[in-house]
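*Asks:* As input, take query30.txt (compact mmCIF, C-alpha atoms):
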```
# COMPACT_ATOMS: atom_id res chain seq x y z
CA MET A 1 25.55 145.68 133.70
CA GLY A 2 29.07 145.98 135.05
CA VAL A 3 31.94 143.58 134.47
CA ARG A 4 32.89 141.43 137.39
CA PRO A 5 36.24 142.30 139.01
CA VAL A 6 37.63 138.89 138.18
CA SER A 7 38.10 140.02 134.58
CA THR A 8 40.90 142.30 135.73
CA GLY A 9 42.79 139.32 137.12
CA VAL A 10 42.26 137.45 133.89
CA GLY A 11 43.66 140.35 131.87
CA ILE A 12 46.71 140.65 134.05
CA ALA A 13 47.32 136.89 133.89
CA LEU A 14 47.05 137.00 130.12
CA GLY A 15 49.52 139.88 129.93
CA ALA A 16 51.98 138.04 132.15
CA GLY A 17 51.58 134.93 130.04
CA LEU A 18 52.66 136.88 126.98
CA LEU A 19 55.93 137.78 128.68
CA LEU A 20 57.16 134.20 128.98
CA LEU A 21 60.93 133.65 128.84
CA ALA A 22 61.96 131.96 125.62
CA GLY A 23 65.10 130.37 127.05
CA CYS A 24 66.22 128.15 129.87
CA GLY A 25 66.96 129.30 133.41
CA SER A 26 68.91 127.65 136.12
CA GLY A 27 65.92 125.64 137.37
CA GLY A 28 62.76 124.12 135.98
CA GLY A 29 59.75 126.02 134.73
CA THR A 30 56.44 126.56 136.52
CA GLY A 31 53.12 124.80 136.20
CA ALA A 32 53.08 122.35 133.36
CA GLN A 33 56.75 123.03 132.62
CA GLN A 34 57.77 121.70 136.04
CA LYS A 35 55.69 118.59 135.48
CA GLY A 36 57.28 117.95 132.12
CA GLY A 37 53.86 117.80 130.54
CA GLN A 38 52.25 119.26 127.45
CA GLY A 39 50.22 121.99 129.18
CA HIS A 40 49.32 125.26 127.58
CA HIS A 41 52.90 126.48 128.20
CA GLY A 42 54.36 123.81 125.89
CA PRO A 43 57.30 121.42 126.43
CA THR A 44 59.68 121.88 129.34
CA LYS A 45 62.65 124.04 128.47
CA VAL A 46 66.01 122.53 129.47
CA GLY A 47 69.67 123.38 129.04
CA TYR A 48 72.24 120.78 128.04
CA VAL A 49 75.97 120.30 127.61
CA ILE A 50 77.63 118.02 125.08
CA VAL A 51 80.14 115.67 126.73
CA GLN A 52 83.32 114.25 125.25
CA SER A 53 85.57 111.58 126.75
CA THR A 54 88.87 112.75 128.14
CA SER A 55 91.73 111.65 130.39
CA VAL A 56 91.08 112.59 134.01
CA PRO A 57 93.83 112.48 136.65
CA GLU A 58 92.91 110.57 139.80
CA THR A 59 93.98 112.91 142.56
CA ALA A 60 94.54 111.74 146.12
CA GLU A 61 94.72 113.92 149.23
CA LEU A 62 96.60 112.11 151.96
CA PRO A 63 98.02 113.03 155.38
CA GLY A 64 101.76 113.37 155.85
CA ARG A 65 104.55 114.49 158.16
CA THR A 66 107.63 116.46 157.27
CA VAL A 67 111.00 114.82 157.91
CA ALA A 68 114.46 116.36 157.70
CA PHE A 69 116.40 115.42 154.58
CA GLN A 70 119.38 114.55 156.78
CA SER A 71 119.59 114.38 160.55
CA SER A 72 122.70 113.69 162.61
CA GLU A 73 123.30 113.57 166.33
CA VAL A 74 126.60 115.07 167.42
CA ARG A 75 128.18 112.64 169.90
CA PRO A 76 131.57 112.55 171.61
CA GLN A 77 133.86 109.67 170.66
CA VAL A 78 136.19 110.16 173.64
CA SER A 79 135.60 111.03 177.28
CA GLY A 80 136.61 114.29 178.88
CA VAL A 81 135.58 117.76 180.00
CA ILE A 82 134.25 120.24 177.40
CA GLN A 83 136.61 123.23 177.24
CA ARG A 84 134.99 125.30 174.46
CA ARG A 85 131.96 125.52 172.23
CA PHE A 86 132.57 126.98 168.76
CA PHE A 87 129.05 127.43 167.31
CA THR A 88 125.94 129.53 167.88
CA GLU A 89 122.80 127.59 168.64
CA GLY A 90 120.32 127.61 165.74
CA SER A 91 122.93 128.61 163.16
CA ILE A 92 124.00 126.87 159.95
CA VAL A 93 127.13 124.73 160.40
CA ARG A 94 129.25 123.15 157.69
CA ARG A 95 130.46 119.59 157.51
CA GLY A 96 133.82 119.24 159.28
CA GLN A 97 133.41 122.50 161.20
CA ALA A 98 134.66 122.28 164.82
CA LEU A 99 131.77 122.34 167.31
CA TYR A 100 133.28 121.40 170.69
CA GLN A 101 136.74 121.13 172.21
CA ILE A 102 137.24 118.37 174.79
CA ASP A 103 140.26 118.60 177.12
CA PRO A 104 143.06 116.96 175.05
CA SER A 105 145.74 116.72 177.80
CA LEU A 106 145.45 113.00 178.50
CA TYR A 107 145.15 112.09 174.83
CA ARG A 108 148.14 114.22 173.87
CA ALA A 109 150.20 112.50 176.56
CA ALA A 110 149.06 109.09 175.29
CA ALA A 111 150.09 110.03 171.76
CA ASN A 112 153.52 111.16 172.97
CA GLN A 113 153.95 107.91 174.89
CA ALA A 114 153.05 105.85 171.84
CA SER A 115 155.47 107.88 169.74
CA ALA A 116 158.25 107.12 172.22
CA GLY A 117 157.35 103.44 172.09
CA VAL A 118 157.77 103.48 168.32
CA ALA A 119 161.21 105.10 168.64
CA ASN A 120 162.28 102.51 171.22
CA ALA A 121 161.11 99.65 169.03
CA GLN A 122 162.99 101.09 166.04
CA ALA A 123 166.21 101.24 168.12
CA ASN A 124 165.82 97.63 169.24
CA PHE A 125 165.16 96.57 165.68
CA GLU A 126 168.30 98.31 164.46
CA ALA A 127 170.44 96.51 167.10
CA ALA A 128 168.88 93.15 166.24
CA ARG A 129 169.41 93.72 162.53
CA VAL A 130 173.11 94.55 163.00
CA ARG A 131 173.62 91.47 165.22
CA ALA A 132 171.97 89.19 162.67
CA ASP A 133 174.09 90.67 159.86
CA ARG A 134 177.30 89.99 161.85
CA TYR A 135 176.30 86.42 162.72
CA ARG A 136 175.59 85.44 159.17
CA PRO A 137 179.22 85.13 157.85
CA LEU A 138 180.35 83.59 161.14
CA ALA A 139 177.70 80.93 160.87
CA GLU A 140 178.77 80.21 157.30
CA ILE A 141 182.38 79.43 158.38
CA GLU A 142 181.05 77.69 161.50
CA ALA A 143 182.74 80.16 163.84
CA ILE A 144 179.46 80.22 165.73
CA SER A 145 176.69 77.72 165.82
CA LYS A 146 173.89 78.04 163.31
CA GLN A 147 171.44 78.18 166.23
CA ASP A 148 172.95 81.45 167.43
CA TYR A 149 172.43 82.96 163.99
CA THR A 150 168.86 81.66 163.90
CA ASP A 151 168.14 83.24 167.29
CA ALA A 152 169.64 86.57 166.17
CA LEU A 153 167.47 86.53 163.02
CA ALA A 154 164.35 85.79 165.07
CA THR A 155 165.14 88.65 167.43
CA GLN A 156 165.37 90.99 164.44
CA LYS A 157 161.92 89.93 163.20
CA GLN A 158 160.44 90.32 166.68
CA ALA A 159 161.85 93.85 166.89
CA GLN A 160 160.31 94.64 163.49
CA ALA A 161 156.89 93.38 164.66
CA THR A 162 157.20 95.49 167.81
CA ILE A 163 157.64 98.57 165.63
CA ARG A 164 154.39 97.82 163.83
CA LEU A 165 152.55 97.22 167.12
CA ASN A 166 153.79 100.48 168.60
CA GLN A 167 152.96 102.31 165.36
CA ALA A 168 149.36 101.06 165.59
CA GLN A 169 149.16 102.27 169.17
CA LEU A 170 150.50 105.64 168.04
CA ASP A 171 147.84 105.84 165.30
CA THR A 172 145.11 105.06 167.85
CA ALA A 173 146.43 107.70 170.22
CA ARG A 174 146.49 110.29 167.43
CA VAL A 175 142.92 109.41 166.42
CA ASN A 176 141.72 109.84 170.01
CA LEU A 177 143.59 113.13 170.18
CA ARG A 178 141.83 114.27 167.01
CA PHE A 179 138.48 113.24 168.48
CA THR A 180 138.92 115.77 171.26
CA THR A 181 137.81 118.30 168.64
CA VAL A 182 134.19 117.34 167.83
CA PRO A 183 133.32 118.22 164.18
CA ALA A 184 129.97 118.62 162.41
CA PRO A 185 129.19 115.37 160.57
CA ILE A 186 126.86 117.06 158.04
CA THR A 187 125.95 120.52 156.81
CA GLY A 188 122.72 121.85 158.26
CA ARG A 189 121.05 123.83 161.02
CA ILE A 190 122.20 122.91 164.50
CA GLY A 191 119.83 122.95 167.45
CA ARG A 192 120.45 123.77 171.09
CA SER A 193 123.47 122.42 172.89
CA LEU A 194 122.56 119.88 175.56
CA TYR A 195 125.94 120.23 177.31
CA THR A 196 127.76 123.35 178.43
CA VAL A 197 131.42 124.18 178.87
CA GLY A 198 132.79 122.31 181.89
CA ALA A 199 130.47 119.32 181.49
CA LEU A 200 131.97 115.85 181.57
CA VAL A 201 131.06 113.80 178.51
CA SER A 202 131.84 110.24 177.48
CA ALA A 203 131.75 108.12 174.36
CA THR A 204 129.08 105.85 175.88
CA GLN A 205 126.59 108.50 177.04
CA THR A 206 122.93 108.31 176.02
CA ASN A 207 122.22 111.93 175.04
CA PRO A 208 123.91 113.64 172.08
CA LEU A 209 125.74 116.93 172.46
CA ALA A 210 123.47 118.53 169.81
CA THR A 211 121.48 117.63 166.70
CA ILE A 212 122.06 118.89 163.15
CA GLN A 213 119.30 118.75 160.52
CA GLN A 214 119.42 119.54 156.83
CA LEU A 215 116.12 121.23 155.96
CA ASP A 216 116.60 122.01 152.27
CA PRO A 217 115.36 119.88 150.60
CA MET A 218 112.77 118.34 152.92
CA PHE A 219 111.12 114.91 152.96
CA VAL A 220 107.37 114.40 153.47
CA ASP A 221 106.25 110.93 154.56
CA ILE A 222 102.74 110.32 153.19
CA GLN A 223 100.42 107.63 154.54
CA GLN A 224 98.16 105.73 152.12
CA SER A 225 95.96 102.81 153.06
CA SER A 226 96.96 99.46 151.62
CA ALA A 227 93.39 99.00 150.29
CA ASP A 228 93.59 102.18 148.19
CA LEU A 229 97.03 101.22 146.93
CA LEU A 230 95.73 97.77 145.96
CA ALA A 231 92.81 99.31 144.06
CA LEU A 232 95.20 101.65 142.25
CA ARG A 233 97.45 98.79 141.18
CA ARG A 234 94.49 96.80 139.91
CA ALA A 235 93.29 99.78 137.88
CA LEU A 236 96.74 100.19 136.38
CA ALA A 237 96.95 96.47 135.60
CA SER A 238 93.53 96.45 133.90
CA GLY A 239 94.59 99.17 131.47
CA GLY A 240 91.77 101.52 132.40
CA SER A 241 94.25 103.87 134.04
CA ALA A 242 97.77 104.99 133.25
CA PRO A 243 100.45 106.01 135.78
CA ALA A 244 100.71 109.74 136.32
CA ARG A 245 103.82 111.85 136.82
CA ALA A 246 104.65 111.70 140.50
CA SER A 247 104.41 115.41 141.31
CA VAL A 248 103.01 116.43 144.69
CA LYS A 249 101.56 119.62 146.17
CA LEU A 250 101.13 120.40 149.83
CA LYS A 251 98.57 122.05 152.07
CA LEU A 252 100.03 123.35 155.31
CA GLU A 253 98.56 123.13 158.79
CA ASP A 254 96.74 126.46 158.41
CA GLY A 255 95.11 125.33 155.15
CA SER A 256 97.30 127.44 152.87
CA ASP A 257 99.05 126.01 149.82
CA TYR A 258 102.79 125.45 149.92
CA GLY A 259 104.15 127.14 146.84
CA GLN A 260 106.77 124.53 145.90
CA THR A 261 106.05 121.27 144.04
CA GLY A 262 107.64 118.01 145.13
CA THR A 263 108.20 114.57 143.62
CA VAL A 264 107.58 111.09 145.00
CA GLU A 265 110.90 109.38 145.72
CA PHE A 266 109.74 105.87 146.62
CA ALA A 267 107.05 103.79 148.33
CA GLU A 268 107.80 101.30 151.06
CA VAL A 269 107.16 97.62 150.34
CA VAL A 270 105.91 96.89 153.88
CA VAL A 271 102.45 97.63 155.29
CA ASP A 272 102.45 98.99 158.84
CA PRO A 273 100.51 96.34 160.82
CA THR A 274 99.26 98.91 163.36
CA THR A 275 97.78 101.35 160.82
CA GLY A 276 97.33 99.28 157.68
CA ALA A 277 99.06 102.02 155.68
CA VAL A 278 101.99 102.22 153.30
CA THR A 279 104.45 105.11 153.53
CA LEU A 280 105.29 107.10 150.41
CA ARG A 281 108.17 109.57 150.63
CA ALA A 282 108.14 112.80 148.64
CA ARG A 283 110.93 115.34 148.31
CA PHE A 284 110.29 119.10 148.38
CA PRO A 285 112.57 122.11 147.97
CA ASN A 286 112.57 124.28 151.09
CA PRO A 287 114.65 127.37 150.25
CA GLN A 288 112.79 129.66 152.67
CA GLY A 289 112.83 127.18 155.54
CA LEU A 290 109.03 127.25 155.77
CA LEU A 291 108.81 123.50 156.31
CA LEU A 292 110.06 122.26 159.68
CA PRO A 293 110.48 118.64 160.79
CA GLY A 294 107.38 117.14 162.36
CA MET A 295 104.80 119.42 160.70
CA PHE A 296 101.44 117.88 159.74
CA VAL A 297 100.57 118.50 156.07
CA ARG A 298 98.14 117.28 153.41
CA ALA A 299 99.66 115.97 150.20
CA LEU A 300 97.78 116.25 146.90
CA PHE A 301 99.02 114.32 143.90
CA ALA A 302 97.76 112.47 140.84
CA GLN A 303 98.46 108.76 141.22
CA SER A 304 97.00 107.72 137.89
CA ILE A 305 95.20 109.04 134.83
CA GLN A 306 91.79 107.56 134.07
CA ARG A 307 91.26 107.13 130.34
CA ASN A 308 87.94 107.59 128.49
CA ALA A 309 86.16 109.31 131.35
CA PHE A 310 83.57 112.10 131.19
CA LEU A 311 83.38 115.24 133.32
CA VAL A 312 79.72 115.98 134.05
CA PRO A 313 78.53 118.99 136.09
CA GLN A 314 77.45 117.85 139.53
CA GLN A 315 73.96 119.38 139.27
CA ALA A 316 73.16 117.00 136.39
CA VAL A 317 73.62 113.83 138.48
CA THR A 318 71.10 112.51 141.00
CA ARG A 319 71.15 109.38 143.14
CA ASP A 320 68.37 107.05 144.19
CA PRO A 321 67.97 105.71 147.76
CA GLN A 322 70.33 102.85 146.88
CA GLY A 323 73.03 105.31 145.83
CA ASN A 324 72.84 104.57 142.09
CA ALA A 325 73.69 107.57 139.91
CA THR A 326 71.42 108.71 137.08
CA LEU A 327 71.09 111.68 134.75
CA PHE A 328 68.87 112.91 131.94
CA LEU A 329 69.85 113.13 128.28
CA VAL A 330 68.27 114.88 125.34
CA GLY A 331 66.87 111.90 123.46
CA PRO A 332 65.36 111.40 120.01
CA ASN A 333 62.29 113.46 119.13
CA ASN A 334 63.13 115.92 121.92
CA LYS A 335 62.28 113.50 124.70
CA ALA A 336 64.02 113.35 128.09
CA VAL A 337 65.88 110.04 128.50
CA GLN A 338 67.01 108.87 131.92
CA ARG A 339 70.23 106.85 132.04
CA SER A 340 72.14 105.06 134.78
CA ILE A 341 75.83 105.89 135.03
CA THR A 342 78.89 105.01 137.11
CA ALA A 343 80.22 108.05 138.97
CA GLU A 344 82.38 107.13 141.96
CA ARG A 345 84.26 110.36 142.59
CA THR A 346 84.23 114.08 141.95
CA GLN A 347 86.81 116.47 140.62
CA GLY A 348 86.08 120.08 141.40
CA ALA A 349 82.56 120.92 140.21
CA TYR A 350 82.25 117.73 138.13
CA TRP A 351 81.42 114.08 138.57
CA VAL A 352 83.89 111.72 136.89
CA VAL A 353 81.69 109.33 134.90
CA THR A 354 83.37 106.10 133.79
CA LYS A 355 80.37 104.17 132.41
CA GLY A 356 77.01 105.02 130.87
CA LEU A 357 77.90 107.87 128.49
CA ASN A 358 79.11 108.17 124.91
CA ASP A 359 80.87 110.93 123.04
CA GLY A 360 78.40 113.56 121.87
CA ASP A 361 75.67 112.81 124.41
CA LYS A 362 73.65 115.86 125.42
CA VAL A 363 73.46 115.87 129.21
CA ILE A 364 70.69 118.01 130.68
CA THR A 365 72.05 120.31 133.39
CA GLN A 366 69.27 122.94 133.66
CA GLY A 367 65.52 122.69 133.98
CA LEU A 368 65.72 119.38 135.87
CA ARG A 369 63.17 120.12 138.57
CA ASP A 370 60.39 117.48 138.40
CA LEU A 371 61.60 116.36 134.95
CA LYS A 372 60.24 112.92 134.11
CA PRO A 373 61.50 110.24 131.70
CA ASP A 374 60.06 110.53 128.17
CA ALA A 375 58.81 114.05 128.87
CA ALA A 376 58.66 116.40 125.89
CA ILE A 377 61.38 119.03 126.11
CA THR A 378 62.71 122.05 124.32
CA ALA A 379 66.51 121.76 124.55
CA VAL A 380 68.94 124.65 124.20
CA PRO A 381 72.64 124.85 125.11
CA ALA A 382 73.12 125.47 128.81
CA ASN A 383 73.29 129.07 130.02
CA THR A 384 71.60 130.38 126.86
CA PRO A 385 70.68 134.04 127.55
CA GLN A 386 66.99 134.59 128.28
CA ARG A 387 65.01 136.86 125.99
CA ILE A 388 61.64 138.48 126.61
CA VAL A 389 59.05 138.10 123.84
CA PRO A 390 57.13 141.39 123.54
CA PRO A 391 53.35 141.15 122.92
CA SER A 392 52.04 141.75 119.40
CA PRO A 393 50.03 144.95 118.60
CA GLU A 394 46.78 142.96 118.64
CA GLN A 395 47.60 141.60 122.11
CA MET A 396 48.46 145.11 123.34
CA LYS A 397 45.09 146.46 122.12
CA LYS A 398 43.26 143.60 123.82
CA MET A 399 45.12 144.20 127.09
CA GLN A 400 44.30 147.92 127.01
CA ALA A 401 40.65 147.20 126.25
CA GLU A 402 40.36 144.80 129.16
CA LYS A 403 42.12 147.28 131.41
CA GLY A 404 39.60 150.02 130.47
CA ALA A 405 36.68 147.66 130.99
CA GLY A 406 37.97 146.83 134.42
CA LYS A 407 38.10 150.50 135.39
CA ALA A 408 34.56 151.05 134.08
CA GLY A 409 33.34 148.17 136.18
```
Write the structure described by the file as structure tokens, please.

*Replies:*
Amino acid sequence: MGVRPVSTGVGIALGAGLLLLAGCGSGGGTGAQQKGGQGHHGPTKVGYVIVQSTSVPETAELPGRTVAFQSSEVRPQVSGVIQRRFFTEGSIVRRGQALYQIDPSLYRAAANQASAGVANAQANFEAARVRADRYRPLAEIEAISKQDYTDALATQKQAQATIRLNQAQLDTARVNLRFTTVPAPITGRIGRSLYTVGALVSATQTNPLATIQQLDPMFVDIQQSSADLLALRRALASGGSAPARASVKLKLEDGSDYGQTGTVEFAEVVVDPTTGAVTLRARFPNPQGLLLPGMFVRALFAQSIQRNAFLVPQQAVTRDPQGNATLFLVGPNNKAVQRSITAERTQGAYWVVTKGLNDGDKVITQGLRDLKPDAAITAVPANTPQRIVPPSPEQMKKMQAEKGAGKAG
């Protein structure tokens, strides 16, 4: 009587069963292991990590715009025709450097006229002074009336006042003459010239002659919603968080990281009613000129440090339909314990857990598929290398016997 072919399948299944992995993989087991039961394969094998509380920075990524550190519009302060331009567009100019020359002819003539007025007033004053000095002794001996002396003294004072008036006019004329040379108000990179040689400019015109911007360092204006800022201040006030050092990193428009690190200078005390946001200003070094005014960037910085938080691998946390976060722990007597936690944000590959865990808890991160509460488990540290258990000599003989019987059948 031959052996039915099904015995071959049984032998192969038995041999495969003897090659079970005595470790924990990245997922759950098969059969009874997946169900967390006590089948013939034994308790479910899981991997765990031991968590410890730590201080976790609360990092924000916010939109921002670059702004020049200093910006100045070059404007004429007198009217006239531009005779020369002394700079190259797009170059670096220094504060006080001459940029434009406006025709100075009229202003030089006005200065000369004012200078002559001062000289004339000084001559009149000298004559009035001498007359008053001569009248004084005559008035004392009553050779002339005292009124004549009083009039001579008043004329002297009027001549002195006229000198001061003409001197002020001379100063004004010299200032206007100096303004015919238009200097750079700040040091920075100058843009294109909006007026050419021969153009008529005036002190009251709308458009500037050119614009100078200082690009090193550079400001970045960051927008944060008032609601987020309010939550941050409440967290700081409650003592659960501590203020972090105000260092900022940037992501550029193409997604690359800007190599330099900046610092937050200040935050405005007014909320923009149109956007509901508060502006924070950060300062960045810009030695290579990579940042240009008006660029859109993303700012990353730690606003606070959350104390007594736990970093849990994301694969260990699940959420129910209501959004509540839960995870499994290695409980007493090697039982799986399900626990509710508070995990409101992530950091890299981890959930930041603020409630529900204690130092030393063993959080299950592997073998979670179909794991049930109170299921019997065999817990090993996560990522424990798998090892293959070779069959014993008796099992090998039995496998060979069954294999030969199958061939005979």

*Asks:* What's the 6 Å shell around range 254-271 of chain A, counting all atoms listed in the file, without same-chain residues fewer than 6 positions away, as a VMD selection string?

*Replies:* chain A and resid 246 to 248 277 to 284

*Asks:* What is the CA of Pro287 in chain A-CA of Pro217 in chain A distance in Å, reported with one decimal?

*Replies:*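 Interatomic distance here is 7.5 Å.
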
*Asks:* Just the residues within 12 Å of range 83-91 of chain A, please, counting all atoms listed in the file, with nothing from its chain fewer than 5 positions along; format it as a PyMOL selection string.

*Replies:* chain A and resi 97-105+180-184+187-201+209-214

*Asks:* Enter the distance from CA of Gln224 in chain A to CA of Gly276 in chain A, in Å, rounded to one decimal.

*Replies:*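 Separating CA of Gln224 in chain A from CA of Gly276 in chain A is a distance of 8.6 Å.
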
*Asks:* Tell me, in Å to one decimal, how far CA of Val337 in chain A is from CA of Asn308 in chain A.

*Replies:*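 According to the coordinates, CA of Val337 in chain A and CA of Asn308 in chain A are separated by 22.2 Å.
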
*Asks:* Need the shell around Gln122 in chain A: protein/DNA/RNA residues with any atom at most 7 Å away, counting only C-alpha atoms. Skip same-chain ones fewer than 4 positions apart. Format as a list in words?

*Replies:*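 Once the adjacent positions are removed, what remains is Val118, Glu126 and Ile163 of chain A.
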
*Asks:* At a cut-off of 10 Å, using all atoms listed in the file, what residues contact Val330 in chain A? Leave out same-chain residues fewer than 6 positions from it and give the result as a PyMOL selection string.

*Replies:* chain A and resi 46-50+336-338+361-364+374+376-380

*Asks:* Quick one: residues within 8 Å of range 310-326 of chain A, all atoms listed in the file counted, chain neighbours fewer than 3 positions away excluded, as a count of residues only?

*Replies:* 22
